[in-house]
Amino acid sequence: MIQIAVFSDVHGNLPALEVVLKDIEARGIHQKFCLGDLVDFAPWGNEVIEKIRSLNILCLMGNHDERIAFDIPVVPLSKHSEEETEARFIAIDHSKKYITKENKKFLSELPFHLKLNYKVGKKHWDIQLVHSSLSSNDTYLYESEEDEIFMRMLKESQSDVIVMGHTHLSFKKQFENNTWAINCGSMGRSKEENRLASYLVLTLDEEKITPEIVQLSYPLEETIRGIEESDIPDYYASFLKNETSLIL
């Protein structure tokens with residue numbers, strides 16, 4: 001049996017990252033992967049990057065990582081309210097100024113997606129990791145999508161499991177031949193009502209793959225206070241308090 005842990009969308013939330021890493025360690029899981037979006041919206045972007053670097057955790061490039069690494073202009077999104085649009089511009093501009101040159105270089109060198117192969121007994125399992133899809137790090141794929149979309153991704157990647165993040169909403173969808181499409185949710189800025197830090201544990205044995213979405217409480221007030229004491233708009237603290245909705 002092999003276990004791996006996959007998490008995504010930390011978004012500068014160091015308190016959440018530390019709780020999740022401690023839980024992974026307590027479970028005795030050594031294989032850890034991150035699907036990207038280390039930065040923006042909470043004030044510990046540099047600290048999160050440096051934690052990931054120090055632990056040699058393989059990480060993909062999320063859309064927010066790419067924007068900060070290459071100073072890509074922020075484009076308003078029609079789905080966002082005027083309030084959220086203004087907050088988004090300020091928060092991302094904060095990251096562009098705050099993230100160090102060395103950490104921006106690290107973000108710029110992250111892989112776009114990653115294919116894993118594990119051998120358990122006589123069985124090989126292929127696991128495809130993406131931030132949001134095979135061709136984009138900014139595509140929103142929800143549980144409500146037609147099964148055919150995920151089955152096509154599994155076929156294209158020639159994998160048994162495809163794991164994604166980006167939407168900040170976790171789900172598990174099983175298809176024939178024990179194949180899966182899974183969203184591991186968001187560690188640092190969950191859109192789920194409970195706002196818990198979410199990550200995925202995949203258990204591989206010779207017969208099957210068993211996915212478990214793990215959701216953990218973390219020092220939410222510490223993150224809220226950190227946002228409120230920084231130059232990041234309080235809009236994002238209000239979201240964590242469930243006082244405002246947020247479209248990602």
# chains A, B, ... in the order shown; residues from 1 in each chain; ligands from 1
call {"tool": "residues_around", "arguments": {"residues": "stretch 187-189 of chain A", "least_positions_apart": "3", "cutoff": "8 Å", "atoms": "only C-alpha atoms", "output": "list in words"}}
result
Phe7, Ser8, Asp9, Val10, His11, Gly12, Asn13, Leu14, Ala16, Leu17, Val20, His168, Arg195, Leu196, Ala197, Ser198, Tyr199 and Leu240 of chain A
call {"tool": "select_by_dssp", "arguments": {"residues": "stretch 109-160 of chain A", "states": "strand (DSSP E)", "output": "NGL selection string"}}
result
:A and (114-120 or 123-129)
call {"tool": "residues_around", "arguments": {"residues": "A:Ala181", "least_positions_apart": "6", "cutoff": "8 Å", "atoms": "only C-alpha atoms", "output": "list in words"}}
result
Phe150, Leu154, Val161, Ile162, Val163, Lys172, Lys173 and Gln174 of chain A
call {"tool": "write_last_selection", "arguments": {"atoms": "N, CA and C atoms", "output": "PDB file, in the first residue's frame"}}
result
ATOM      1  N   PHE A 150     -14.532  14.848 -17.886  1.00  0.00           N
ATOM      2  CA  PHE A 150     -13.479  14.240 -17.069  1.00  0.00           C
ATOM      3  C   PHE A 150     -12.976  12.938 -17.690  1.00  0.00           C
ATOM      4  N   LEU A 154      -9.125  11.968 -18.643  1.00  0.00           N
ATOM      5  CA  LEU A 154      -8.465  10.727 -18.228  1.00  0.00           C
ATOM      6  C   LEU A 154      -7.886   9.985 -19.426  1.00  0.00           C
ATOM      7  N   VAL A 161      -6.272   8.344 -12.497  1.00  0.00           N
ATOM      8  CA  VAL A 161      -6.806   9.403 -11.641  1.00  0.00           C
ATOM      9  C   VAL A 161      -6.295  10.737 -12.156  1.00  0.00           C
ATOM     10  N   ILE A 162      -7.179  11.733 -12.221  1.00  0.00           N
ATOM     11  CA  ILE A 162      -6.740  13.099 -12.459  1.00  0.00           C
ATOM     12  C   ILE A 162      -7.160  13.932 -11.261  1.00  0.00           C
ATOM     13  N   VAL A 163      -6.197  14.654 -10.701  1.00  0.00           N
ATOM     14  CA  VAL A 163      -6.440  15.454  -9.502  1.00  0.00           C
ATOM     15  C   VAL A 163      -6.222  16.917  -9.847  1.00  0.00           C
ATOM     16  N   LYS A 172     -15.245  14.199  -5.515  1.00  0.00           N
ATOM     17  CA  LYS A 172     -14.714  12.920  -6.009  1.00  0.00           C
ATOM     18  C   LYS A 172     -15.736  12.336  -6.972  1.00  0.00           C
ATOM     19  N   LYS A 173     -15.307  11.970  -8.172  1.00  0.00           N
ATOM     20  CA  LYS A 173     -16.189  11.337  -9.153  1.00  0.00           C
ATOM     21  C   LYS A 173     -15.515  10.065  -9.649  1.00  0.00           C
ATOM     22  N   GLN A 174     -16.202   8.938  -9.479  1.00  0.00           N
ATOM     23  CA  GLN A 174     -15.646   7.664  -9.914  1.00  0.00           C
ATOM     24  C   GLN A 174     -16.304   7.218 -11.206  1.00  0.00           C
TER      25      GLN A 174
END
call {"tool": "residues_around", "arguments": {"residues": "stretch 132-139 of chain A", "least_positions_apart": "5", "cutoff": "7 Å", "atoms": "only C-alpha atoms", "output": "list in words"}}
result
Gly62, Asn63, Met164, Gly165 and His166 of chain A
call {"tool": "write_last_selection", "arguments": {"atoms": "C-alpha atoms", "output": "short mmCIF file (atom, residue, chain, number, x, y, z; two decimals), in the first residue's frame"}}
result
data_model
loop_
_atom_site.label_atom_id
_atom_site.label_comp_id
_atom_site.auth_asym_id
_atom_site.auth_seq_id
_atom_site.Cartn_x
_atom_site.Cartn_y
_atom_site.Cartn_z
CA GLY A 62 -1.17 27.90 -10.53
CA ASN A 63 -2.65 30.87 -12.32
CA MET A 164 -7.13 19.19 -9.76
CA GLY A 165 -7.71 22.28 -7.63
CA HIS A 166 -8.42 25.89 -8.67
#
call {"tool": "select_by_dssp", "arguments": {"residues": "stretch 14-206 of chain A", "states": "helix (DSSP H, G or I)", "output": "number ranges by chain"}}
result
A: 14-26, 45-54, 63-69, 82-98, 101-108, 147-157, 176-178
call {"tool": "residues_around", "arguments": {"residues": "A:Asn117", "least_positions_apart": "5", "cutoff": "10 Å", "atoms": "only C-alpha atoms", "output": "list in words"}}
result
His124, Trp125, Asp126, Ile127, Gln128, Ser159 and Asp160 of chain A
call {"tool": "residues_around", "arguments": {"residues": "A:Asp205", "least_positions_apart": "2", "cutoff": "8 Å", "atoms": "only C-alpha atoms", "output": "ChimeraX atom specification"}}
result
/A:1-2,120-121,203,207-209
call {"tool": "write_last_selection", "arguments": {"atoms": "C-alpha atoms", "output": "mmCIF file, in the first residue's frame"}}
result
data_model
loop_
_atom_site.group_PDB
_atom_site.id
_atom_site.type_symbol
_atom_site.label_atom_id
_atom_site.label_comp_id
_atom_site.auth_asym_id
_atom_site.auth_seq_id
_atom_site.Cartn_x
_atom_site.Cartn_y
_atom_site.Cartn_z
ATOM 1 C CA MET A 1 0.000 0.000 0.000
ATOM 2 C CA ILE A 2 1.164 3.510 -0.860
ATOM 3 C CA VAL A 120 1.975 -1.596 -6.099
ATOM 4 C CA GLY A 121 2.579 -5.320 -6.382
ATOM 5 C CA THR A 203 -4.380 5.240 -0.915
ATOM 6 C CA GLU A 207 -6.618 -3.809 -6.387
ATOM 7 C CA LYS A 208 -7.922 -0.252 -6.148
ATOM 8 C CA ILE A 209 -7.407 3.423 -5.456
#
call {"tool": "residues_around", "arguments": {"residues": "stretch 68-71 of chain A", "least_positions_apart": "3", "cutoff": "6 Å", "atoms": "only C-alpha atoms", "output": "MDAnalysis selection string"}}
result
chainID A and resid 65 96 104 107:108
call {"tool": "write_last_selection", "arguments": {"atoms": "all heavy atoms", "output": "tab-separated table (two decimals), in the first residue's frame"}}
result
chain	number	residue	atom	x	y	z
A	65	ASP	N	0.27	32.02	-9.24
A	65	ASP	CA	1.74	31.93	-9.25
A	65	ASP	C	2.30	32.50	-10.55
A	65	ASP	O	3.27	33.25	-10.54
A	65	ASP	CB	2.19	30.48	-9.10
A	65	ASP	CG	1.61	29.80	-7.88
A	65	ASP	OD1	1.57	30.44	-6.81
A	65	ASP	OD2	1.17	28.64	-7.99
A	96	LYS	N	2.64	41.33	-5.84
A	96	LYS	CA	3.67	41.69	-6.83
A	96	LYS	C	4.78	42.51	-6.18
A	96	LYS	O	5.96	42.39	-6.54
A	96	LYS	CB	3.05	42.45	-7.99
A	96	LYS	CG	2.22	41.58	-8.92
A	96	LYS	CD	1.67	42.38	-10.11
A	96	LYS	CE	0.95	41.47	-11.09
A	96	LYS	NZ	0.48	42.19	-12.29
A	104	LYS	N	9.92	34.79	-6.67
A	104	LYS	CA	9.30	34.91	-8.00
A	104	LYS	C	10.00	34.00	-8.99
A	104	LYS	O	9.36	33.39	-9.85
A	104	LYS	CB	9.34	36.36	-8.48
A	104	LYS	CG	8.36	37.28	-7.76
A	104	LYS	CD	8.47	38.71	-8.27
A	104	LYS	CE	7.49	39.62	-7.54
A	104	LYS	NZ	7.59	41.02	-7.97
A	107	LEU	N	8.71	30.52	-8.47
A	107	LEU	CA	7.38	30.36	-9.07
A	107	LEU	C	7.48	30.22	-10.59
A	107	LEU	O	6.73	29.44	-11.19
A	107	LEU	CB	6.49	31.55	-8.71
A	107	LEU	CG	6.13	31.75	-7.24
A	107	LEU	CD1	5.28	33.01	-7.08
A	107	LEU	CD2	5.42	30.54	-6.66
A	108	SER	N	8.38	30.96	-11.20
A	108	SER	CA	8.50	30.95	-12.66
A	108	SER	C	9.00	29.62	-13.19
A	108	SER	O	8.81	29.31	-14.38
A	108	SER	CB	9.43	32.07	-13.12
A	108	SER	OG	10.79	31.77	-12.86
call {"tool": "closest_residue", "arguments": {"among": "A:Ala5, A:Leu58, A:Val130, A:Leu169", "to": "A:Tyr142", "atoms": "only C-alpha atoms"}}
result
A:Leu169
call {"tool": "closest_residue", "arguments": {"among": "A:Ser230, A:Gln3, A:Cys34, A:Asn103", "to": "A:Ser186", "atoms": "only C-alpha atoms"}}
result
A:Cys34
call {"tool": "closest_residue", "arguments": {"among": "A:Ile52, A:Ile182, A:Ile227, A:Ile232", "to": "A:Ile213", "atoms": "only C-alpha atoms"}}
result
A:Ile182
